[in-house]
Structure formats: C-alpha cells, structure tokens
$ cat my_file-v7.cif   # mmCIF, C-alpha atoms and all ligand atoms
data_target
#
loop_
_atom_site.group_PDB
_atom_site.id
_atom_site.type_symbol
_atom_site.label_atom_id
_atom_site.label_comp_id
_atom_site.auth_asym_id
_atom_site.auth_seq_id
_atom_site.Cartn_x
_atom_site.Cartn_y
_atom_site.Cartn_z
ATOM 1 C CA MET A 1 0.764 12.967 -2.824
ATOM 2 C CA HIS A 2 2.585 13.306 0.479
ATOM 3 C CA PHE A 3 2.256 15.326 3.674
ATOM 4 C CA TYR A 4 4.029 15.753 6.980
ATOM 5 C CA CYS A 5 2.675 14.564 10.286
ATOM 6 C CA ILE A 6 2.886 16.965 13.236
ATOM 7 C CA CYS A 7 5.738 14.754 14.574
ATOM 8 C CA GLY A 8 7.720 15.481 11.382
ATOM 9 C CA LYS A 9 7.299 12.096 9.696
ATOM 10 C CA ARG A 10 6.823 12.313 5.922
ATOM 11 C CA ILE A 11 3.743 10.308 4.972
ATOM 12 C CA THR A 12 3.486 9.289 1.324
ATOM 13 C CA ASP A 13 0.407 8.156 -0.552
ATOM 14 C CA GLN A 14 1.717 7.180 -3.970
ATOM 15 C CA THR A 15 1.065 3.458 -4.212
ATOM 16 C CA ASP A 16 -1.761 1.027 -3.540
ATOM 17 C CA PHE A 17 -1.963 -1.330 -0.581
ATOM 18 C CA LEU A 18 -0.712 1.085 2.075
ATOM 19 C CA SER A 19 -0.612 -0.455 5.551
ATOM 20 C CA TYR A 20 -1.269 2.929 7.206
ATOM 21 C CA LYS A 21 -4.237 4.060 5.101
ATOM 22 C CA ALA A 22 -7.936 3.180 5.224
ATOM 23 C CA HIS A 23 -11.104 4.158 3.387
ATOM 24 C CA VAL A 24 -13.704 5.388 5.840
ATOM 25 C CA LEU A 25 -17.351 5.014 4.902
ATOM 26 C CA PRO A 26 -19.859 7.083 6.915
ATOM 27 C CA ASP A 27 -22.646 5.026 8.444
ATOM 28 C CA GLN A 28 -25.163 7.391 6.823
ATOM 29 C CA ASP A 29 -23.863 6.278 3.399
ATOM 30 C CA TYR A 30 -23.412 2.606 4.233
ATOM 31 C CA GLU A 31 -26.744 1.424 2.874
ATOM 32 C CA ASP A 32 -26.466 3.443 -0.352
ATOM 33 C CA PHE A 33 -22.984 2.060 -0.843
ATOM 34 C CA TRP A 34 -24.174 -1.556 -0.667
ATOM 35 C CA ASN A 35 -27.190 -0.783 -2.846
ATOM 36 C CA GLY A 36 -24.747 0.495 -5.473
ATOM 37 C CA ILE A 37 -22.633 -2.661 -5.218
ATOM 38 C CA ASP A 38 -25.719 -4.903 -5.466
ATOM 39 C CA GLN A 39 -26.836 -3.009 -8.562
ATOM 40 C CA LEU A 40 -23.428 -3.551 -10.170
ATOM 41 C CA VAL A 41 -23.585 -7.266 -9.429
ATOM 42 C CA ASP A 42 -27.236 -7.896 -10.299
ATOM 43 C CA ASP A 43 -28.088 -5.591 -13.185
ATOM 44 C CA GLU A 44 -26.633 -7.127 -16.328
ATOM 45 C CA THR A 45 -28.402 -4.655 -18.611
ATOM 46 C CA MET A 46 -26.304 -1.743 -17.404
ATOM 47 C CA ASN A 47 -23.838 -0.275 -19.915
ATOM 48 C CA HIS A 48 -20.221 0.637 -19.212
ATOM 49 C CA ARG A 49 -20.981 4.295 -18.549
ATOM 50 C CA GLU A 50 -23.758 3.524 -16.062
ATOM 51 C CA LYS A 51 -21.458 1.110 -14.244
ATOM 52 C CA GLU A 52 -18.727 3.727 -14.098
ATOM 53 C CA ASN A 53 -21.172 6.263 -12.640
ATOM 54 C CA ILE A 54 -22.156 3.872 -9.866
ATOM 55 C CA ARG A 55 -18.528 2.992 -9.134
ATOM 56 C CA PHE A 56 -17.691 6.686 -8.951
ATOM 57 C CA SER A 57 -20.571 7.523 -6.639
ATOM 58 C CA CYS A 58 -19.712 4.546 -4.364
ATOM 59 C CA SER A 59 -16.032 5.394 -4.172
ATOM 60 C CA SER A 60 -16.667 9.072 -3.499
ATOM 61 C CA MET A 61 -18.752 8.198 -0.416
ATOM 62 C CA GLY A 62 -15.572 7.286 1.416
ATOM 63 C CA ARG A 63 -12.752 9.445 2.641
ATOM 64 C CA TYR A 64 -9.203 8.630 3.588
ATOM 65 C CA MET A 65 -7.792 7.998 7.008
ATOM 66 C CA TYR A 66 -4.109 7.537 7.776
ATOM 67 C CA GLN A 67 -2.156 6.573 10.859
ATOM 68 C CA CYS A 68 1.338 7.937 11.338
ATOM 69 C CA PRO A 69 3.634 4.872 11.697
ATOM 70 C CA GLU A 70 5.978 6.985 13.835
ATOM 71 C CA CYS A 71 3.775 8.622 16.499
ATOM 72 C CA GLY A 72 0.443 6.811 16.041
ATOM 73 C CA ARG A 73 -1.573 9.960 15.283
ATOM 74 C CA VAL A 74 -4.739 9.283 13.310
ATOM 75 C CA ILE A 75 -5.266 11.647 10.390
ATOM 76 C CA LEU A 76 -8.648 12.133 8.746
ATOM 77 C CA GLU A 77 -9.462 13.943 5.524
ATOM 78 C CA ASP A 78 -11.916 16.818 5.831
ATOM 79 C CA ILE A 79 -15.356 16.043 4.450
ATOM 80 C CA GLU A 80 -15.684 19.272 2.458
ATOM 81 C CA ASP A 81 -12.111 20.087 1.584
ATOM 82 C CA ASN A 82 -10.001 16.972 1.057
ATOM 83 C CA SER A 83 -6.800 19.013 0.979
ATOM 84 C CA LYS A 84 -7.424 19.720 4.665
ATOM 85 C CA LEU A 85 -6.359 17.075 7.179
ATOM 86 C CA HIS A 86 -7.354 16.662 10.825
ATOM 87 C CA PHE A 87 -4.794 15.176 13.222
ATOM 88 C CA PHE A 88 -5.749 13.237 16.363
ATOM 89 C CA LYS A 89 -3.089 12.422 18.934
ATOM 90 C CA PRO A 90 -3.437 9.134 20.881
ATOM 91 C CA GLU A 91 -4.296 9.437 24.582
ATOM 92 C CA SER A 92 -1.964 6.572 25.402
ATOM 93 C CA ALA A 93 1.715 6.226 24.481
ATOM 94 C CA VAL A 94 1.320 2.483 23.965
ATOM 95 C CA VAL A 95 -1.290 2.649 21.213
ATOM 96 C CA SER A 96 -0.791 0.244 18.288
ATOM 97 C CA LYS A 97 0.671 1.987 15.245
ATOM 98 C CA LYS A 98 -0.834 -0.637 12.964
ATOM 99 C CA LEU A 99 -4.503 0.160 13.508
ATOM 100 C CA LEU A 100 -5.226 0.327 9.776
ATOM 101 C CA VAL A 101 -3.607 -2.898 8.544
ATOM 102 C CA SER A 102 -5.681 -5.554 6.787
ATOM 103 C CA GLU A 103 -7.989 -7.653 8.928
ATOM 104 C CA LYS A 104 -5.973 -10.614 7.610
ATOM 105 C CA GLY A 105 -3.017 -9.330 9.621
ATOM 106 C CA LYS A 106 0.204 -11.236 8.965
ATOM 107 C CA GLN A 107 -1.637 -13.465 6.466
ATOM 108 C CA TRP A 108 -2.377 -10.528 4.138
ATOM 109 C CA LYS A 109 -1.064 -11.152 0.599
ATOM 110 C CA GLY A 110 1.403 -8.404 -0.183
ATOM 111 C CA LEU A 111 3.962 -7.372 -2.764
ATOM 112 C CA LEU A 112 7.699 -7.710 -3.101
ATOM 113 C CA HIS A 113 9.710 -5.091 -4.943
ATOM 114 C CA ALA A 114 13.450 -4.838 -5.271
ATOM 115 C CA GLU A 115 15.658 -2.354 -7.050
ATOM 116 C CA TRP A 116 19.376 -2.350 -7.818
ATOM 117 C CA ASN A 117 21.375 0.476 -9.436
ATOM 118 C CA ASP A 118 25.069 0.121 -10.293
ATOM 119 C CA GLU A 119 25.196 3.907 -10.207
ATOM 120 C CA LYS A 120 23.808 4.799 -6.805
ATOM 121 C CA PRO A 121 21.520 7.863 -7.028
ATOM 122 C CA ASP A 122 22.686 10.724 -4.723
ATOM 123 C CA TRP A 123 19.523 10.597 -2.663
ATOM 124 C CA ARG A 124 20.018 6.941 -1.799
ATOM 125 C CA GLU A 125 22.337 5.418 0.752
ATOM 126 C CA HIS A 126 22.770 2.027 -0.924
ATOM 127 C CA LYS A 127 22.786 0.504 -4.397
ATOM 128 C CA GLY A 128 20.177 -2.129 -3.703
ATOM 129 C CA TYR A 129 16.918 -2.153 -1.794
ATOM 130 C CA ILE A 130 14.450 -4.972 -1.186
ATOM 131 C CA MET A 131 10.994 -3.752 -0.191
ATOM 132 C CA PRO A 132 8.677 -6.473 1.106
ATOM 133 C CA GLY A 133 5.203 -4.890 1.283
ATOM 134 C CA CYS A 134 3.491 -7.216 3.722
ATOM 135 C CA ASN A 135 2.629 -7.386 7.407
ATOM 136 C CA LEU A 136 5.686 -9.446 8.325
ATOM 137 C CA GLU A 137 9.003 -7.791 9.109
ATOM 138 C CA TYR A 138 12.045 -8.790 7.049
ATOM 139 C CA ASP A 139 15.529 -7.591 7.988
ATOM 140 C CA ASN A 140 18.658 -7.416 5.831
ATOM 141 C CA THR A 141 17.112 -5.514 2.911
ATOM 142 C CA GLU A 142 19.790 -2.924 1.977
ATOM 143 C CA PHE A 143 22.819 -3.895 -0.110
ATOM 144 C CA ASP A 144 25.931 -2.683 -1.859
ATOM 145 C CA ASP A 145 26.894 -6.104 -3.139
ATOM 146 C CA LYS A 146 24.823 -7.260 -6.116
ATOM 147 C CA GLU A 147 25.130 -11.004 -5.553
ATOM 148 C CA SER A 148 24.032 -10.775 -1.926
ATOM 149 C CA PHE A 149 21.176 -8.483 -3.008
ATOM 150 C CA MET A 150 19.848 -10.987 -5.561
ATOM 151 C CA GLU A 151 20.333 -13.938 -3.232
ATOM 152 C CA ARG A 152 18.394 -12.193 -0.465
ATOM 153 C CA TYR A 153 15.617 -11.183 -2.891
ATOM 154 C CA TYR A 154 14.986 -14.804 -3.908
ATOM 155 C CA GLU A 155 15.232 -15.898 -0.271
ATOM 156 C CA ILE A 156 12.498 -13.437 0.774
ATOM 157 C CA PHE A 157 10.465 -14.283 -2.343
ATOM 158 C CA GLU A 158 10.550 -18.035 -1.569
ATOM 159 C CA ASP A 159 9.672 -17.355 2.050
ATOM 160 C CA MET A 160 6.665 -15.188 1.119
ATOM 161 C CA VAL A 161 5.498 -17.786 -1.448
ATOM 162 C CA SER A 162 5.794 -20.634 1.047
ATOM 163 C CA LYS A 163 3.803 -18.638 3.613
ATOM 164 C CA GLY A 164 1.158 -17.731 1.007
ATOM 165 C CA ILE A 165 1.559 -13.994 1.679
ATOM 166 C CA ILE A 166 2.431 -12.658 -1.771
ATOM 167 C CA ARG A 167 0.365 -11.537 -4.782
ATOM 168 C CA SER A 168 3.114 -10.132 -7.002
ATOM 169 C CA ALA A 169 6.866 -9.623 -7.117
ATOM 170 C CA MET A 170 9.301 -7.662 -9.238
ATOM 171 C CA MET A 171 13.051 -7.193 -9.189
ATOM 172 C CA ARG A 172 14.662 -4.466 -11.277
ATOM 173 C CA VAL A 173 18.366 -4.248 -11.953
ATOM 174 C CA ASN A 174 19.517 -1.015 -13.575
ATOM 175 C CA ASN A 175 15.915 -0.356 -14.644
ATOM 176 C CA GLU A 176 15.620 -3.738 -16.344
ATOM 177 C CA ARG A 177 13.019 -6.162 -15.068
ATOM 178 C CA ILE A 178 14.930 -9.288 -14.076
ATOM 179 C CA HIS A 179 12.178 -11.138 -12.273
ATOM 180 C CA ILE A 180 8.409 -10.712 -12.481
ATOM 181 C CA TRP A 181 5.933 -12.948 -10.745
ATOM 182 C CA ARG A 182 2.176 -12.812 -10.201
ATOM 183 C CA SER A 183 0.007 -15.170 -8.209
ATOM 184 C CA ASP A 184 -2.488 -17.230 -10.254
ATOM 185 C CA GLU A 185 -5.145 -16.563 -7.650
ATOM 186 C CA ASN A 186 -5.518 -12.894 -8.654
HETATM 187 ZN ZN ZN B 201 3.494 11.363 13.451
#
$ encode --input "my_file-v7.cif" --output "structure tokens" --more "lines below"
Ligand SMILES: [Zn+2]
Amino acid sequence: MHFYCICGKRITDQTDFLSYKAHVLPDQDYEDFWNGIDQLVDDETMNHREKENIRFSCSSMGRYMYQCPECGRVILEDIEDNSKLHFFKPESAVVSKKLLVSEKGKQWKGLLHAEWNDEKPDWREHKGYIMPGCNLEYDNTEFDDKESFMERYYEIFEDMVSKGIIRSAMMRVNNERIHIWRSDEN
C-alpha cells in the first residue's frame, strides 16, 4: 500500500524492514503480548493452529506508525479504522527524521538490492539502480553503464559485508538473478 503525506511525499509500505515504519504496542496490551510469546516458547503441546491463533492475536495488538522522511511528520494508524491515518507535525524544524530506525542504528543488518535493465522502463531515469537498505548512506547508485553498475554493486556489497551490516543481497540483470547472497547467521 502507499499514501501521501500532507507535505506531498509519497510513502510506500510494500516491503519489509522499512526504516520509517514501526509497530506500536499499547501499554494496556503489553502484558498480554508477552504472555502470548511466553506461551509460544514454553508450551510444546500446542498444535500449529493454536500457535497461529496466538501469533495472530499478538500481531493484531499492534498498529503501524510511520515518519515522513521528508517533513518529519509522525503518522499513526487509527485504532478502529486502519485505513484512517492521523498526522502529527513536529513542533521543531530540527526534529530527527529517523525516529523509527532500528535501535542498532548504523549497525543494523540490512539488505542490498540492485537492478539493471538494458531496456530502460519509461518511468525510470536510469538503466541501473543499486538500493542499499541499511542505515548508512551510499552515494553513486544510479547508472547507465553496465560495467560501472556491476563494479559499484560488488564494491558496496563488500563494504557492507566487511562492516557486518548485511543479511541478504541480490543483483538482477534484465530480470535474471546474477548474484544472490544470504548471511549464515539468519
Ligand atoms: Zn511529509
């Protein structure tokens, strides 16, 4: 799904691991949530269906919060109607726009995706894009030269591996998977 912030920024929620999204758990549900988790861990007699029911009831206790990366507004889902969003504008212009990133900060293990198309789609500006999904900033990620694109991909990949901030990576060239990597730790 996607929506527009009041500032005009398009906010998308189509993948996992979003740096501008959080799951908010009401304090009134906090204890029940942990009771559910404990039950999942401790009760080995539970069947698959019972486990699924507990997982569902735990996950539905939370609601989503977003922060607009452009203007810093905090956006909270309505408790009764989750299609309704409430927008809160920061009091200060210097508020951090990364309030919802992982508590691991720059050490958070992210993802690296890259995509090259010989035939550039109309809606894209370049043939190749490298998308490092982590809390470090990488520049030089848009390409029209395939060799430079692939070289830069492996450069960023090696850098993320050496810093221990990557859980999986994938490069696609003309829809074909050229490089796939997944950390052993997951
Ligand atoms: Zn905004």
$ closest_atom_pairs --input "my_file-v7.cif" --of "chain A" --to "ligand ZN 201 (chain B)" --cutoff "8 Å" --atoms "all atoms listed in the file" --output "tab-separated table"
residue	atom	partner	partner_atom	distance
A:Tyr4	CA	B:ZN201	ZN	7.8
A:Cys5	CA	B:ZN201	ZN	4.6
A:Ile6	CA	B:ZN201	ZN	5.6
A:Cys7	CA	B:ZN201	ZN	4.2
A:Gly8	CA	B:ZN201	ZN	6.3
A:Lys9	CA	B:ZN201	ZN	5.4
A:Gln67	CA	B:ZN201	ZN	7.8
A:Cys68	CA	B:ZN201	ZN	4.6
A:Pro69	CA	B:ZN201	ZN	6.7
A:Glu70	CA	B:ZN201	ZN	5.0
A:Cys71	CA	B:ZN201	ZN	4.1
A:Gly72	CA	B:ZN201	ZN	6.1
A:Arg73	CA	B:ZN201	ZN	5.6
$ atom_distance --input "my_file-v7.cif" --atom1 "CA of Lys98 (chain A)" --atom2 "CA of Tyr20 (chain A)"
6.8 Å
$ closest_residue --input "my_file-v7.cif" --among "A:Glu103, A:Cys58, A:Ile75, A:Asp13" --to "Pro90 (chain A)" --atoms "all atoms listed in the file"
A:Ile75
$ resolve_selection --input "my_file-v7.cif" --expression "the PyMOL selection byres (((chain A and resi 141-144) around 10) and not hetatm)" --output "PyMOL selection string"
chain A and resi 114-118+120+125-132+138-140+145-150+152-153+156
$ atom_distance --input "my_file-v7.cif" --atom1 "CA of Leu100 (chain A)" --atom2 "CA of Ser19 (chain A)"
6.3 Å
$ resolve_selection --input "my_file-v7.cif" --expression "the PyMOL selection byres (((chain A and resi 17) around 9) and not hetatm)" --output "PyMOL selection string"
chain A and resi 15-16+18-21+110-111+133
$ closest_residue --input "my_file-v7.cif" --among "A:Glu158, A:Glu119, A:Cys134, A:Gly164" --to "Ser102 (chain A)" --atoms "only C-alpha atoms"
A:Cys134
$ atom_distance --input "my_file-v7.cif" --atom1 "CA of Ser168 (chain A)" --atom2 "CA of Trp181 (chain A)"
5.5 Å
$ closest_residue --input "my_file-v7.cif" --among "A:Arg167, A:Lys109, A:Arg55, A:Arg49" --to "Trp34 (chain A)" --atoms "all atoms listed in the file"
A:Arg55
$ residues_near_point --input "my_file-v7.cif" --point "(-8.7, 11.3, 5.3)" --cutoff "6 Å" --atoms "all atoms listed in the file" --output "list in words"
Arg63, Tyr64, Met65, Leu76 and Glu77 of chain A
$ axis_aligned_box --input "my_file-v7.cif" --around "region 129-143 of chain A" --padding-each-side "3 Å" --output "lines of an AutoDock Vina configuration file"
center_x = 12.7
center_y = -5.8
center_z = 3.7
size_x = 26.2
size_y = 13.3
size_z = 16.9
$ residues_around --input "my_file-v7.cif" --residues "region 35-42 of chain A" --least-positions-apart "5" --cutoff "12 Å" --atoms "only C-alpha atoms" --output "list in words"
Asp29, Tyr30, Asn47, His48, Arg49, Glu50, Lys51, Glu52, Asn53, Ile54, Arg55, Phe56, Ser57, Cys58, Ser59, Ser60 and Met61 of chain A
$ closest_residue --input "my_file-v7.cif" --among "A:Trp123, A:Lys106, A:His23, A:Glu80" --to "Glu137 (chain A)" --atoms "only C-alpha atoms"
A:Lys106
$ decode --input "my_file-v7.cif" --residues "region 57-81 of chain A" --atoms "N, CA and C atoms" --output "compact mmCIF listing (two decimals), in the first residue's frame"
# COMPACT_ATOMS: atom_id res chain seq x y z
N SER A 57 -3.20 -13.11 17.33
CA SER A 57 -3.72 -12.20 18.35
C SER A 57 -2.61 -11.28 18.87
N CYS A 58 -1.36 -11.76 18.93
CA CYS A 58 -0.24 -10.90 19.33
C CYS A 58 0.01 -9.82 18.29
N SER A 59 0.02 -10.23 17.01
CA SER A 59 0.39 -9.24 15.99
C SER A 59 -0.73 -8.22 15.80
N SER A 60 -1.98 -8.61 16.08
CA SER A 60 -3.04 -7.63 15.88
C SER A 60 -3.18 -6.66 17.05
N MET A 61 -2.38 -6.85 18.11
CA MET A 61 -2.39 -5.88 19.21
C MET A 61 -1.69 -4.58 18.80
N GLY A 62 -0.79 -4.70 17.86
CA GLY A 62 -0.02 -3.52 17.46
C GLY A 62 -0.69 -2.75 16.34
N ARG A 63 -0.26 -1.52 16.15
CA ARG A 63 -0.68 -0.79 14.96
C ARG A 63 0.53 -0.09 14.39
N TYR A 64 0.39 0.40 13.17
CA TYR A 64 1.56 0.95 12.49
C TYR A 64 1.73 2.44 12.74
N MET A 65 2.99 2.82 12.81
CA MET A 65 3.35 4.22 12.87
C MET A 65 4.38 4.46 11.77
N TYR A 66 4.31 5.61 11.13
CA TYR A 66 5.29 5.96 10.11
C TYR A 66 5.85 7.33 10.45
N GLN A 67 7.05 7.62 9.91
CA GLN A 67 7.51 9.00 9.96
C GLN A 67 7.87 9.42 8.54
N CYS A 68 7.36 10.55 8.12
CA CYS A 68 7.66 11.03 6.77
C CYS A 68 9.14 11.41 6.70
N PRO A 69 9.93 10.78 5.80
CA PRO A 69 11.36 11.08 5.72
C PRO A 69 11.63 12.49 5.20
N GLU A 70 10.58 13.12 4.64
CA GLU A 70 10.75 14.45 4.03
C GLU A 70 10.51 15.55 5.07
N CYS A 71 9.37 15.50 5.76
CA CYS A 71 8.99 16.62 6.65
C CYS A 71 9.03 16.23 8.13
N GLY A 72 9.21 14.94 8.42
CA GLY A 72 9.31 14.52 9.82
C GLY A 72 7.98 14.31 10.51
N ARG A 73 6.86 14.48 9.79
CA ARG A 73 5.56 14.23 10.44
C ARG A 73 5.47 12.78 10.89
N VAL A 74 4.84 12.58 12.05
CA VAL A 74 4.60 11.22 12.53
C VAL A 74 3.16 10.87 12.16
N ILE A 75 2.97 9.66 11.67
CA ILE A 75 1.67 9.26 11.15
C ILE A 75 1.26 7.97 11.87
N LEU A 76 0.08 8.00 12.48
CA LEU A 76 -0.36 6.85 13.27
C LEU A 76 -1.68 6.31 12.72
N GLU A 77 -1.73 5.00 12.60
CA GLU A 77 -2.96 4.34 12.15
C GLU A 77 -4.06 4.51 13.18
N ASP A 78 -5.29 4.67 12.74
CA ASP A 78 -6.41 4.76 13.67
C ASP A 78 -6.66 3.41 14.32
N ILE A 79 -7.07 3.41 15.58
CA ILE A 79 -7.26 2.15 16.28
C ILE A 79 -8.47 1.36 15.77
N GLU A 80 -9.52 2.07 15.34
CA GLU A 80 -10.71 1.36 14.88
C GLU A 80 -10.75 1.14 13.38
N ASP A 81 -10.26 2.11 12.65
CA ASP A 81 -10.31 2.03 11.20
C ASP A 81 -8.90 2.21 10.66
